[in-house]
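With TSV, C-alpha atoms and all ligand atoms inside, this is data_1.tsv:
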chain	number	residue	atom	x	y	z
Q	191	MET	CA	72.65	98.38	135.39
Q	192	ALA	CA	72.35	96.73	131.95
Q	193	HIS	CA	73.50	93.11	131.76
Q	194	VAL	CA	75.20	91.62	128.71
Q	195	ALA	CA	76.47	88.13	128.00
Q	196	PHE	CA	79.45	88.01	125.66
Q	197	ILE	CA	80.29	84.71	124.01
Q	198	GLY	CA	83.48	84.16	121.99
Q	199	LEU	CA	86.68	85.81	123.23
Q	200	GLY	CA	88.99	85.40	120.22
Q	201	ARG	CA	90.99	88.21	118.61
Q	202	MET	CA	87.86	90.27	118.05
Q	203	GLY	CA	85.53	89.17	120.83
Q	204	HIS	CA	88.03	89.67	123.65
Q	205	GLY	CA	88.37	93.38	122.91
Q	206	MET	CA	84.64	93.80	122.30
Q	207	ALA	CA	83.77	92.22	125.65
Q	208	GLY	CA	86.22	94.60	127.31
Q	209	ARG	CA	84.35	97.56	125.84
Q	210	TYR	CA	81.24	96.62	127.85
Q	211	LEU	CA	83.29	96.51	131.05
Q	212	ASP	CA	84.75	99.94	130.23
Q	213	ALA	CA	81.24	101.27	129.61
Q	214	GLY	CA	79.98	100.08	133.02
Q	215	PHE	CA	77.80	97.14	131.94
Q	216	GLU	CA	77.49	93.99	134.01
Q	217	VAL	CA	79.18	91.41	131.83
Q	218	ALA	CA	79.10	87.61	131.85
Q	219	VAL	CA	81.57	85.91	129.51
Q	220	TRP	CA	82.04	82.45	128.06
Q	221	ASN	CA	84.64	81.11	125.66
Q	222	ARG	CA	85.35	77.54	124.54
Q	223	SER	CA	88.84	77.82	126.01
Q	224	ARG	CA	88.66	79.45	129.40
Q	225	ALA	CA	92.13	81.09	129.61
Q	226	LYS	CA	91.13	83.86	127.18
Q	227	ALA	CA	88.66	85.13	129.80
Q	228	ASP	CA	91.13	85.45	132.68
Q	229	ASP	CA	91.99	89.14	132.36
Q	230	LEU	CA	88.34	90.05	131.69
Q	231	VAL	CA	87.35	88.25	134.88
Q	232	ALA	CA	90.10	90.15	136.70
Q	233	ARG	CA	88.49	93.34	135.36
Q	234	GLY	CA	85.07	92.39	136.77
Q	235	ALA	CA	83.40	90.06	134.28
Q	236	ARG	CA	81.59	86.97	135.54
Q	237	TRP	CA	82.92	83.70	134.12
Q	238	ALA	CA	79.99	81.53	133.06
Q	239	ALA	CA	80.10	77.75	132.96
Q	240	ALA	CA	78.28	77.62	129.61
Q	241	PRO	CA	76.60	80.00	127.12
Q	242	ALA	CA	73.24	79.27	128.79
Q	243	ASP	CA	74.69	80.30	132.15
Q	244	ALA	CA	76.17	83.49	130.66
Q	245	ALA	CA	72.74	84.36	129.26
Q	246	LEU	CA	70.92	84.11	132.61
Q	247	GLY	CA	69.58	87.56	133.48
Q	248	ALA	CA	71.12	89.18	130.40
Q	249	ASP	CA	69.29	91.92	128.50
Q	250	ALA	CA	71.41	91.21	125.43
Q	251	VAL	CA	73.57	88.26	124.37
Q	252	ILE	CA	76.35	89.02	121.91
Q	253	THR	CA	78.23	86.28	120.04
Q	254	MET	CA	81.55	86.65	118.21
Q	255	VAL	CA	82.70	83.20	117.12
Q	256	ALA	CA	84.39	81.74	114.08
Q	257	ASP	CA	81.69	80.41	111.75
Q	258	ASP	CA	78.26	78.79	111.29
Q	259	GLU	CA	79.19	75.68	113.21
Q	260	ALA	CA	80.47	77.65	116.20
Q	261	SER	CA	77.48	79.99	116.08
Q	262	ARG	CA	75.01	77.09	116.09
Q	263	ALA	CA	76.85	75.51	119.03
Q	264	VAL	CA	76.80	78.64	121.18
Q	265	TRP	CA	73.17	79.58	120.46
Q	266	LEU	CA	71.45	76.21	120.18
Q	267	GLY	CA	73.87	73.49	121.30
Q	268	ASN	CA	73.86	71.71	124.66
Q	269	ASP	CA	73.72	74.53	127.20
Q	270	GLY	CA	73.52	77.02	124.31
Q	271	ALA	CA	72.65	80.63	125.10
Q	272	ALA	CA	69.04	80.28	123.92
Q	273	ALA	CA	68.34	77.93	126.81
Q	274	GLY	CA	69.17	80.66	129.34
Q	275	MET	CA	67.48	83.67	127.71
Q	276	LYS	CA	64.16	85.16	128.80
Q	277	ALA	CA	61.60	86.15	126.15
Q	278	GLY	CA	62.31	89.51	124.53
Q	279	THR	CA	66.08	89.33	125.08
Q	280	LEU	CA	68.27	90.64	122.28
Q	281	ALA	CA	70.34	88.02	120.43
Q	282	ILE	CA	73.08	89.93	118.58
Q	283	GLU	CA	75.16	87.87	116.14
Q	284	CYS	CA	78.42	89.71	115.44
Q	285	SER	CA	80.20	86.67	113.96
Q	286	THR	CA	80.52	86.52	110.18
Q	287	VAL	CA	78.19	83.65	109.29
Q	288	SER	CA	76.56	82.49	106.06
Q	289	HIS	CA	73.39	84.19	104.88
Q	290	ALA	CA	71.39	80.94	105.17
Q	291	HIS	CA	72.64	80.49	108.72
Q	292	ALA	CA	71.66	84.03	109.76
Q	293	LEU	CA	68.13	83.45	108.45
Q	294	GLU	CA	67.91	80.07	110.16
Q	295	MET	CA	69.09	81.46	113.51
Q	296	ALA	CA	66.56	84.28	113.17
Q	297	ARG	CA	63.76	81.73	112.68
Q	298	GLU	CA	64.93	79.47	115.50
Q	299	LEU	CA	65.51	82.23	118.04
Q	300	ARG	CA	62.35	84.15	117.14
Q	301	SER	CA	60.35	80.96	117.65
Q	302	ARG	CA	61.66	81.06	121.24
Q	303	GLY	CA	60.47	84.67	121.68
Q	304	LEU	CA	63.95	86.20	121.27
Q	305	VAL	CA	64.95	89.21	119.15
Q	306	TYR	CA	67.68	88.23	116.68
Q	307	ILE	CA	69.69	90.73	114.68
Q	308	ASP	CA	72.66	90.02	112.44
Q	309	CYS	CA	75.45	92.47	113.13
Q	310	PRO	CA	78.73	91.46	111.50
Q	311	VAL	CA	81.52	93.99	111.82
Q	312	THR	CA	84.35	95.55	109.88
Q	313	GLY	CA	87.56	96.65	111.57
Q	314	LEU	CA	90.64	94.88	112.89
Q	315	PRO	CA	91.15	93.65	116.49
Q	316	GLU	CA	92.57	97.07	117.50
Q	317	ALA	CA	89.30	98.69	116.39
Q	318	ALA	CA	87.37	96.02	118.32
Q	319	ALA	CA	89.27	96.80	121.51
Q	320	SER	CA	88.87	100.56	121.15
Q	321	GLY	CA	85.17	100.70	120.17
Q	322	LYS	CA	85.88	101.81	116.61
Q	323	LEU	CA	84.18	99.06	114.63
Q	324	THR	CA	81.66	99.61	111.87
Q	325	LEU	CA	78.56	97.46	112.43
Q	326	LEU	CA	76.65	96.07	109.44
Q	327	VAL	CA	73.16	95.46	110.70
Q	328	GLY	CA	70.22	93.45	109.43
Q	329	ALA	CA	67.19	94.04	111.66
Q	330	GLU	CA	63.65	95.34	111.85
Q	331	ALA	CA	63.90	99.08	112.57
Q	332	ALA	CA	62.28	98.72	116.00
Q	333	ASP	CA	64.66	95.90	116.95
Q	334	LEU	CA	67.65	98.01	115.96
Q	335	GLU	CA	66.37	100.88	118.15
Q	336	LYS	CA	66.11	98.45	121.06
Q	337	ALA	CA	69.64	97.19	120.35
Q	338	ARG	CA	71.36	100.58	119.95
Q	339	PRO	CA	72.40	101.02	123.62
Q	340	TYR	CA	74.06	97.59	123.42
Q	341	LEU	CA	75.81	98.34	120.13
Q	342	ALA	CA	77.09	101.80	121.10
Q	343	PRO	CA	80.14	100.62	123.13
Q	344	LEU	CA	81.44	98.69	120.11
Q	345	CYS	CA	81.39	101.14	117.26
Q	346	THR	CA	81.72	104.50	115.63
Q	347	THR	CA	79.32	103.67	112.78
Q	348	ILE	CA	76.16	101.60	112.38
Q	349	ARG	CA	75.04	100.80	108.84
Q	350	HIS	CA	71.50	99.42	108.70
Q	351	PHE	CA	70.98	97.51	105.44
Q	352	GLY	CA	67.40	96.30	106.05
Q	353	ALA	CA	65.75	93.18	107.45
Q	354	VAL	CA	67.60	90.34	109.19
Q	355	GLY	CA	70.21	88.81	106.87
Q	356	THR	CA	71.02	91.97	104.96
Q	357	GLY	CA	73.95	92.95	107.19
Q	358	THR	CA	75.44	89.54	106.49
Q	359	VAL	CA	74.89	89.88	102.72
Q	360	PHE	CA	76.88	93.12	102.76
Q	361	LYS	CA	79.61	91.68	104.98
Q	362	LEU	CA	80.04	88.69	102.68
Q	363	ILE	CA	80.34	90.70	99.48
Q	364	ASN	CA	82.71	93.11	101.23
Q	365	ASN	CA	84.99	90.27	102.35
Q	366	LEU	CA	84.72	88.45	99.02
Q	367	MET	CA	85.95	91.60	97.29
Q	368	GLY	CA	88.74	91.76	99.89
Q	369	ALA	CA	89.76	88.20	98.95
Q	370	VAL	CA	89.87	89.17	95.27
Q	371	GLN	CA	91.95	92.26	96.01
Q	372	ILE	CA	94.49	90.49	98.22
Q	373	ALA	CA	94.89	87.53	95.84
Q	374	SER	CA	95.29	89.91	92.91
Q	375	LEU	CA	97.78	92.07	94.83
Q	376	ALA	CA	99.86	88.96	95.60
Q	377	GLU	CA	100.02	88.11	91.89
Q	378	GLY	CA	100.95	91.68	90.93
Q	379	VAL	CA	103.70	91.85	93.55
Q	380	ALA	CA	105.06	88.43	92.50
Q	381	ILE	CA	105.15	89.45	88.83
Q	382	ALA	CA	106.99	92.67	89.70
Q	383	GLU	CA	109.53	90.69	91.75
Q	384	GLN	CA	110.12	88.28	88.85
Q	385	ALA	CA	110.68	91.29	86.58
Q	386	GLY	CA	113.35	92.59	88.97
Q	387	LEU	CA	111.67	95.88	89.86
Q	388	ASP	CA	112.69	97.95	92.89
Q	389	MET	CA	110.13	96.49	95.29
Q	390	ASN	CA	110.19	99.39	97.74
Q	391	LEU	CA	109.20	101.64	94.88
Q	392	VAL	CA	106.52	99.15	93.77
Q	393	ALA	CA	105.05	99.03	97.30
Q	394	GLU	CA	105.01	102.81	97.54
Q	395	ALA	CA	103.46	103.22	94.08
Q	396	LEU	CA	100.77	100.60	94.75
Q	397	SER	CA	99.80	102.08	98.06
Q	398	THR	CA	99.44	105.60	96.72
Q	399	GLY	CA	98.19	104.94	93.18
Q	400	ALA	CA	94.90	104.19	91.46
Q	401	VAL	CA	94.47	100.70	93.00
Q	402	ALA	CA	95.27	101.83	96.55
Q	403	SER	CA	92.27	100.39	98.40
Q	404	PRO	CA	92.67	99.96	102.16
Q	405	GLN	CA	93.45	96.26	101.52
Q	406	VAL	CA	96.20	97.14	99.03
Q	407	ILE	CA	97.59	99.81	101.38
Q	408	ARG	CA	97.55	97.37	104.28
Q	409	HIS	CA	99.12	94.42	102.49
Q	410	SER	CA	101.50	95.75	99.81
Q	411	ARG	CA	104.45	96.63	102.08
Q	412	ARG	CA	103.90	93.57	104.24
Q	413	MET	CA	103.94	91.31	101.20
Q	414	VAL	CA	107.06	92.93	99.76
Q	415	ALA	CA	108.83	92.62	103.14
Q	416	ARG	CA	107.32	89.15	103.82
Q	417	ASP	CA	106.40	90.60	107.22
Q	418	PHE	CA	103.33	88.80	108.55
Q	419	SER	CA	103.83	89.51	112.23
Q	420	GLY	CA	100.73	90.08	114.32
Q	421	ALA	CA	98.25	88.08	112.18
Q	422	SER	CA	94.90	89.73	112.64
Q	423	PHE	CA	92.82	88.03	109.94
Q	424	THR	CA	93.71	84.46	109.12
Q	425	ALA	CA	93.67	82.53	105.85
Q	426	ALA	CA	91.02	80.21	107.32
Q	427	LEU	CA	88.66	83.10	108.13
Q	428	ARG	CA	89.18	84.77	104.73
Q	429	HIS	CA	88.48	81.43	103.04
Q	430	LYS	CA	85.34	80.93	105.14
Q	431	ASP	CA	83.98	84.34	104.20
Q	432	ALA	CA	84.73	83.84	100.49
Q	433	ALA	CA	83.12	80.38	100.57
Q	434	TYR	CA	79.94	81.72	102.22
Q	435	ALA	CA	79.84	84.58	99.71
Q	436	VAL	CA	80.26	82.32	96.68
Q	437	ARG	CA	77.52	80.06	98.06
Q	438	LEU	CA	75.24	83.10	98.23
Q	439	ALA	CA	76.24	84.03	94.67
Q	440	GLU	CA	75.21	80.56	93.50
Q	441	GLU	CA	71.63	81.44	94.54
Q	442	LEU	CA	71.63	84.99	93.20
Q	443	LEU	CA	74.17	85.29	90.39
Q	444	PRO	CA	75.71	81.99	89.29
Q	445	GLY	CA	79.04	82.29	87.51
Q	446	VAL	CA	81.23	84.89	89.27
Q	447	PRO	CA	84.52	83.52	87.86
Q	448	VAL	CA	86.72	86.18	89.47
Q	449	SER	CA	85.24	85.48	92.90
Q	450	ARG	CA	85.61	81.73	92.38
Q	451	ALA	CA	89.26	82.18	91.47
Q	452	ALA	CA	89.86	84.07	94.74
Q	453	LEU	CA	88.07	81.30	96.62
Q	454	VAL	CA	90.35	78.69	95.04
Q	455	ALA	CA	93.40	80.82	95.96
Q	456	TYR	CA	92.23	80.94	99.58
Q	457	GLU	CA	91.50	77.20	99.60
Q	458	GLU	CA	95.20	76.74	98.91
Q	459	ALA	CA	96.22	79.31	101.55
Q	460	LYS	CA	94.00	77.65	104.15
Q	461	ALA	CA	95.34	74.19	103.32
Q	462	SER	CA	98.90	75.52	103.62
Q	463	ALA	CA	98.66	77.52	106.88
Q	464	PRO	CA	95.10	78.14	108.14
Q	465	ASP	CA	96.06	80.21	111.17
Q	466	ASP	CA	98.61	82.41	109.39
Q	467	ASP	CA	97.90	85.93	108.17
Q	468	GLU	CA	95.86	86.17	104.98
Q	469	GLY	CA	98.65	88.25	103.40
Q	470	LYS	CA	100.82	85.13	103.15
Q	471	MET	CA	99.04	84.66	99.84
Q	472	ILE	CA	102.24	86.14	98.36
Q	473	GLU	CA	104.15	83.02	99.44
Q	474	ILE	CA	101.60	80.73	97.80
Q	475	VAL	CA	101.65	82.73	94.58
Q	476	SER	CA	105.47	82.88	94.52
Q	477	ARG	CA	106.00	79.13	94.94
Q	478	PRO	CA	107.65	77.57	91.89
Q	479	LYS	CA	104.98	75.79	89.82
Q	480	GLN	CA	105.43	72.80	87.56
Q	481	SER	CA	104.81	73.86	83.96
Q	501	LIG	P1	89.49	83.90	116.38
Q	501	LIG	O1	90.50	84.72	117.09
Q	501	LIG	O2	89.93	82.68	115.64
Q	501	LIG	O3	88.36	83.48	117.44
Q	501	LIG	C1	87.35	82.56	117.10
Q	501	LIG	C2	86.42	82.39	118.28
Q	501	LIG	O4	85.45	81.38	117.96
Q	501	LIG	C3	87.14	81.89	119.56
Q	501	LIG	O5	86.49	82.44	120.68
Q	501	LIG	C4	86.91	80.38	119.47
Q	501	LIG	O6	87.04	79.73	120.70
Q	501	LIG	C5	85.48	80.36	118.97
Q	501	LIG	N1	85.09	79.09	118.38
Q	501	LIG	C6	85.58	78.51	117.26
Q	501	LIG	N2	84.95	77.33	117.02
Q	501	LIG	C7	84.08	77.16	118.05
Q	501	LIG	C8	83.12	76.15	118.37
Q	501	LIG	N3	82.95	75.07	117.59
Q	501	LIG	N4	82.38	76.32	119.49
Q	501	LIG	C9	82.53	77.41	120.26
Q	501	LIG	N5	83.40	78.40	120.01
Q	501	LIG	C10	84.16	78.28	118.92
Q	501	LIG	O7	88.66	84.75	115.31
Q	501	LIG	P2	88.37	86.33	115.28
Q	501	LIG	O8	89.39	86.97	114.41
Q	501	LIG	O9	88.11	86.83	116.65
Q	501	LIG	O10	87.02	86.31	114.44
Q	501	LIG	C11	85.75	86.09	115.05
Q	501	LIG	C12	84.67	86.41	114.03
Q	501	LIG	O11	84.81	87.78	113.62
Q	501	LIG	C13	84.75	85.57	112.74
Q	501	LIG	O12	83.46	85.29	112.28
Q	501	LIG	C14	85.49	86.51	111.78
Q	501	LIG	O13	85.20	86.19	110.43
Q	501	LIG	C15	84.94	87.86	112.20
Q	501	LIG	N6	85.82	89.06	111.93
Q	501	LIG	C16	87.17	89.00	112.19
Q	501	LIG	C17	87.93	90.15	111.95
Q	501	LIG	C18	89.43	90.16	112.22
Q	501	LIG	O14	90.10	91.11	111.79
Q	501	LIG	N7	90.00	89.19	112.90
Q	501	LIG	C19	87.33	91.31	111.47
Q	501	LIG	C20	85.95	91.33	111.25
Q	501	LIG	C21	85.20	90.18	111.48
Q	501	LIG	P3	88.52	79.29	121.22
Q	501	LIG	O15	89.15	80.53	121.79
Q	501	LIG	O16	88.25	78.25	122.24
Q	501	LIG	O17	89.27	78.75	120.01

Output the structure of this file as C-alpha cells.
Ligand code: NAP
Amino acid sequence: MAHVAFIGLGRMGHGMAGRYLDAGFEVAVWNRSRAKADDLVARGARWAAAPADAALGADAVITMVADDEASRAVWLGNDGAAAGMKAGTLAIECSTVSHAHALEMARELRSRGLVYIDCPVTGLPEAAASGKLTLLVGAEAADLEKARPYLAPLCTTIRHFGAVGTGTVFKLINNLMGAVQIASLAEGVAIAEQAGLDMNLVAEALSTGAVASPQVIRHSRRMVARDFSGASFTAALRHKDAAYAVRLAEELLPGVPVSRAALVAYEEAKASAPDDDEGKMIEIVSRPKQS
C-alpha cells in the first residue's frame, strides 16, 4: 500500500489529507496544532510527532502550509520532513509560496536526493475535501509521471507549466489578478451604493454581465449583503500571494501599477482583519476617508 505523509491540516490541507484516506493510502499526518488532526486520526491516519516522523517510510510527502516561512520550517527546520525522507522520495509542495522559495527548496531537497515538485492549487476548501482541485505543476516531465498516482486523489485537472517553479509563477499571477478583481469590485460596489442604486440589481447585473469573472460572481452578492460567513480565503493569504507576485514582477516587469495598488489595498485589509474573508475589502473601501 502506498504511504503518504501529509503536513499542514488547515482549511485546505485537512480535506486534502482526508482524500488519501478515502483512496486507501496509508497516511501519516502532522500539523503545528494537533487538534486539527483528531478526526483524521479517528479515520485511520497516524499522528506523527514531527514532520520528520511523518516522513518516515513515506513514498511521497505533501505539504500544505501558509507561506514561505512555514514551508521552510516543515521541510528543513528542526525535525523537518527532509530529515526523515529516503532518497528518491517525492516532495510535493502544494502551499502557495514565492517563486524564489520554490526554486530554493528544489535546490535544497534535490541536494538531499529528493524529488521536489511545486504543485500549488486552485479551488476552495470544499474542492479540496472532494478531490476537485486544479493542480498547477512545475516539474520535470519524468518527475510528474512519478507523482501522478499521488496527485490523483486531490484533483480533477493537472496543468503542467514546465520545470520546477513554473506552477508557482502561474499561481502567483492568477492570485494577483484575483486581488485586482476583488479590490476593483469593492470600489465599484461602494460607488454604486453611494449613488443610491438598487444594490440587488447591481449584484445581479455584475454577476451576469461582461465583468462576471468567477471572483466577481463569488463576491458581488456577498459584498452587497455584507455576508462574509464561512471565510475560505483570508485577507492575510490574499495579501501574501499578491506580495509574492509583485516581488516576482520586480524581477521580470518592474512597474505594474495596477497590481501594486491591489497589494496596497490588501495591506490595509490584512492590517485591519488578517483572518477575515478577503471579500471584506468592501468594508475597507466604504470607510469614510478624510479629504
Ligand atoms: P490555513 O487554514 O490558514 O492553514 C495554514 C496552515 O499552515 C495550518 O496548517 C497552519 O498550522 C500552518 N502553518 C502556518 N504557519 C506555520 C509555521 N510557521 N509552521 C508550521 N505550520 C504553519 O490556510 P489554508 O487556507 O489551508 O491555505 C494553505 C495554503 O493553501 C496557503 O499557501 C494558501 O495560500 C493556499 N490556498 C488556499 C486556498 C483557500 O481557498 N483557502 C486556495 C488555494 C490555495 P496551524 O493549524 O497550527 O495554524

How close does each residue of chain Q get to ligand LIG 501 (chain Q), giving the shortest atom pair and distance in Å to one decimal for every residue with an atom at most 6 Å away, counting all atoms listed in the file, sorted by chain and residue number, as JSON lines?
{"residue": "Q:Gly198", "atom": "CA", "partner": "Q:LIG501", "partner_atom": "O5", "distance": 3.7}
{"residue": "Q:Leu199", "atom": "CA", "partner": "Q:LIG501", "partner_atom": "O5", "distance": 4.2}
{"residue": "Q:Gly200", "atom": "CA", "partner": "Q:LIG501", "partner_atom": "O3", "distance": 3.4}
{"residue": "Q:Arg201", "atom": "CA", "partner": "Q:LIG501", "partner_atom": "O9", "distance": 3.7}
{"residue": "Q:Met202", "atom": "CA", "partner": "Q:LIG501", "partner_atom": "O9", "distance": 3.7}
{"residue": "Q:Gly203", "atom": "CA", "partner": "Q:LIG501", "partner_atom": "O9", "distance": 5.4}
{"residue": "Q:Asn221", "atom": "CA", "partner": "Q:LIG501", "partner_atom": "O5", "distance": 5.5}
{"residue": "Q:Arg222", "atom": "CA", "partner": "Q:LIG501", "partner_atom": "O16", "distance": 3.8}
{"residue": "Q:Ser223", "atom": "CA", "partner": "Q:LIG501", "partner_atom": "O16", "distance": 3.8}
{"residue": "Q:Met254", "atom": "CA", "partner": "Q:LIG501", "partner_atom": "C12", "distance": 5.2}
{"residue": "Q:Val255", "atom": "CA", "partner": "Q:LIG501", "partner_atom": "O4", "distance": 3.4}
{"residue": "Q:Ala256", "atom": "CA", "partner": "Q:LIG501", "partner_atom": "O4", "distance": 4.0}
{"residue": "Q:Asp257", "atom": "CA", "partner": "Q:LIG501", "partner_atom": "O12", "distance": 5.2}
{"residue": "Q:Glu259", "atom": "CA", "partner": "Q:LIG501", "partner_atom": "N3", "distance": 5.8}
{"residue": "Q:Ala260", "atom": "CA", "partner": "Q:LIG501", "partner_atom": "C8", "distance": 3.7}
{"residue": "Q:Ala263", "atom": "CA", "partner": "Q:LIG501", "partner_atom": "N4", "distance": 5.6}
{"residue": "Q:Val264", "atom": "CA", "partner": "Q:LIG501", "partner_atom": "C9", "distance": 5.9}
{"residue": "Q:Ser285", "atom": "CA", "partner": "Q:LIG501", "partner_atom": "O12", "distance": 3.9}
{"residue": "Q:Thr286", "atom": "CA", "partner": "Q:LIG501", "partner_atom": "O12", "distance": 3.8}
{"residue": "Q:Val311", "atom": "CA", "partner": "Q:LIG501", "partner_atom": "C20", "distance": 5.2}
{"residue": "Q:Thr312", "atom": "CA", "partner": "Q:LIG501", "partner_atom": "C20", "distance": 4.7}
{"residue": "Q:Gly313", "atom": "CA", "partner": "Q:LIG501", "partner_atom": "C19", "distance": 5.3}
{"residue": "Q:Leu314", "atom": "CA", "partner": "Q:LIG501", "partner_atom": "O14", "distance": 4.0}
{"residue": "Q:Pro315", "atom": "CA", "partner": "Q:LIG501", "partner_atom": "O14", "distance": 5.4}
{"residue": "Q:Ser422", "atom": "CA", "partner": "Q:LIG501", "partner_atom": "N7", "distance": 4.9}
{"residue": "Q:Phe423", "atom": "CA", "partner": "Q:LIG501", "partner_atom": "N7", "distance": 4.2}
{"residue": "Q:Leu427", "atom": "CA", "partner": "Q:LIG501", "partner_atom": "O13", "distance": 5.2}

Proximity of range 384-405 of chain Q to range 411-419 of chain Q: per-residue shortest pair, 10 Å limit, only C-alpha atoms, as a tab-separated table:
residue	atom	partner	partner_atom	distance
Q:Met389	CA	Q:Val414	CA	6.5
Q:Asn390	CA	Q:Val414	CA	7.5
Q:Leu391	CA	Q:Arg411	CA	10.0
Q:Val392	CA	Q:Val414	CA	8.7
Q:Ala393	CA	Q:Arg411	CA	5.4
Q:Glu394	CA	Q:Arg411	CA	7.7
Q:Leu396	CA	Q:Arg411	CA	9.1
Q:Ser397	CA	Q:Arg411	CA	8.2

Leaving out Gly357 in chain Q and any residue of its chain fewer than 3 positions from it, which residues lie within 12 Å of it when counting only C-alpha atoms, given as a VMD selection string? chain Q and resid 282 to 289 292 to 293 307 to 312 324 to 330 334 348 to 354 360 to 364

Selected residues written out with C-alpha atoms, as a PDB file, keeping the file's coordinate frame:
ATOM      1  CA  ILE Q 282      73.080  89.930 118.580  1.00  0.00           C
ATOM      2  CA  GLU Q 283      75.160  87.870 116.140  1.00  0.00           C
ATOM      3  CA  CYS Q 284      78.420  89.710 115.440  1.00  0.00           C
ATOM      4  CA  SER Q 285      80.200  86.670 113.960  1.00  0.00           C
ATOM      5  CA  THR Q 286      80.520  86.520 110.180  1.00  0.00           C
ATOM      6  CA  VAL Q 287      78.190  83.650 109.290  1.00  0.00           C
ATOM      7  CA  SER Q 288      76.560  82.490 106.060  1.00  0.00           C
ATOM      8  CA  HIS Q 289      73.390  84.190 104.880  1.00  0.00           C
ATOM      9  CA  ALA Q 292      71.660  84.030 109.760  1.00  0.00           C
ATOM     10  CA  LEU Q 293      68.130  83.450 108.450  1.00  0.00           C
ATOM     11  CA  ILE Q 307      69.690  90.730 114.680  1.00  0.00           C
ATOM     12  CA  ASP Q 308      72.660  90.020 112.440  1.00  0.00           C
ATOM     13  CA  CYS Q 309      75.450  92.470 113.130  1.00  0.00           C
ATOM     14  CA  PRO Q 310      78.730  91.460 111.500  1.00  0.00           C
ATOM     15  CA  VAL Q 311      81.520  93.990 111.820  1.00  0.00           C
ATOM     16  CA  THR Q 312      84.350  95.550 109.880  1.00  0.00           C
ATOM     17  CA  THR Q 324      81.660  99.610 111.870  1.00  0.00           C
ATOM     18  CA  LEU Q 325      78.560  97.460 112.430  1.00  0.00           C
ATOM     19  CA  LEU Q 326      76.650  96.070 109.440  1.00  0.00           C
ATOM     20  CA  VAL Q 327      73.160  95.460 110.700  1.00  0.00           C
ATOM     21  CA  GLY Q 328      70.220  93.450 109.430  1.00  0.00           C
ATOM     22  CA  ALA Q 329      67.190  94.040 111.660  1.00  0.00           C
ATOM     23  CA  GLU Q 330      63.650  95.340 111.850  1.00  0.00           C
ATOM     24  CA  LEU Q 334      67.650  98.010 115.960  1.00  0.00           C
ATOM     25  CA  ILE Q 348      76.160 101.600 112.380  1.00  0.00           C
ATOM     26  CA  ARG Q 349      75.040 100.800 108.840  1.00  0.00           C
ATOM     27  CA  HIS Q 350      71.500  99.420 108.700  1.00  0.00           C
ATOM     28  CA  PHE Q 351      70.980  97.510 105.440  1.00  0.00           C
ATOM     29  CA  GLY Q 352      67.400  96.300 106.050  1.00  0.00           C
ATOM     30  CA  ALA Q 353      65.750  93.180 107.450  1.00  0.00           C
ATOM     31  CA  VAL Q 354      67.600  90.340 109.190  1.00  0.00           C
ATOM     32  CA  PHE Q 360      76.880  93.120 102.760  1.00  0.00           C
ATOM     33  CA  LYS Q 361      79.610  91.680 104.980  1.00  0.00           C
ATOM     34  CA  LEU Q 362      80.040  88.690 102.680  1.00  0.00           C
ATOM     35  CA  ILE Q 363      80.340  90.700  99.480  1.00  0.00           C
ATOM     36  CA  ASN Q 364      82.710  93.110 101.230  1.00  0.00           C
TER      37      ASN Q 364
END

Would you compute the distance between CA of Val219 in chain Q and CA of Gly321 in chain Q? Give it in Å to one decimal.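 Result for CA of Val219 in chain Q versus CA of Gly321 in chain Q: 17.9 Å, one decimal.
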
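Taking CA of Glu473 in chain Q and CA of Ala459 in chain Q as endpoints, the distance between them is 9.0 Å.
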
Pairwise distance for CA of His429 in chain Q and CA of Ser374 in chain Q, rounded to one decimal in Å: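 Rounded to one decimal, the two atoms are 14.9 Å apart.
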
When distances are computed from all atoms listed in the file, which of Q:Ala213, Q:Val446, Q:Ala218, Q:Ala369 shows the smallest separation from Pro339 in chain Q? Q:Ala213
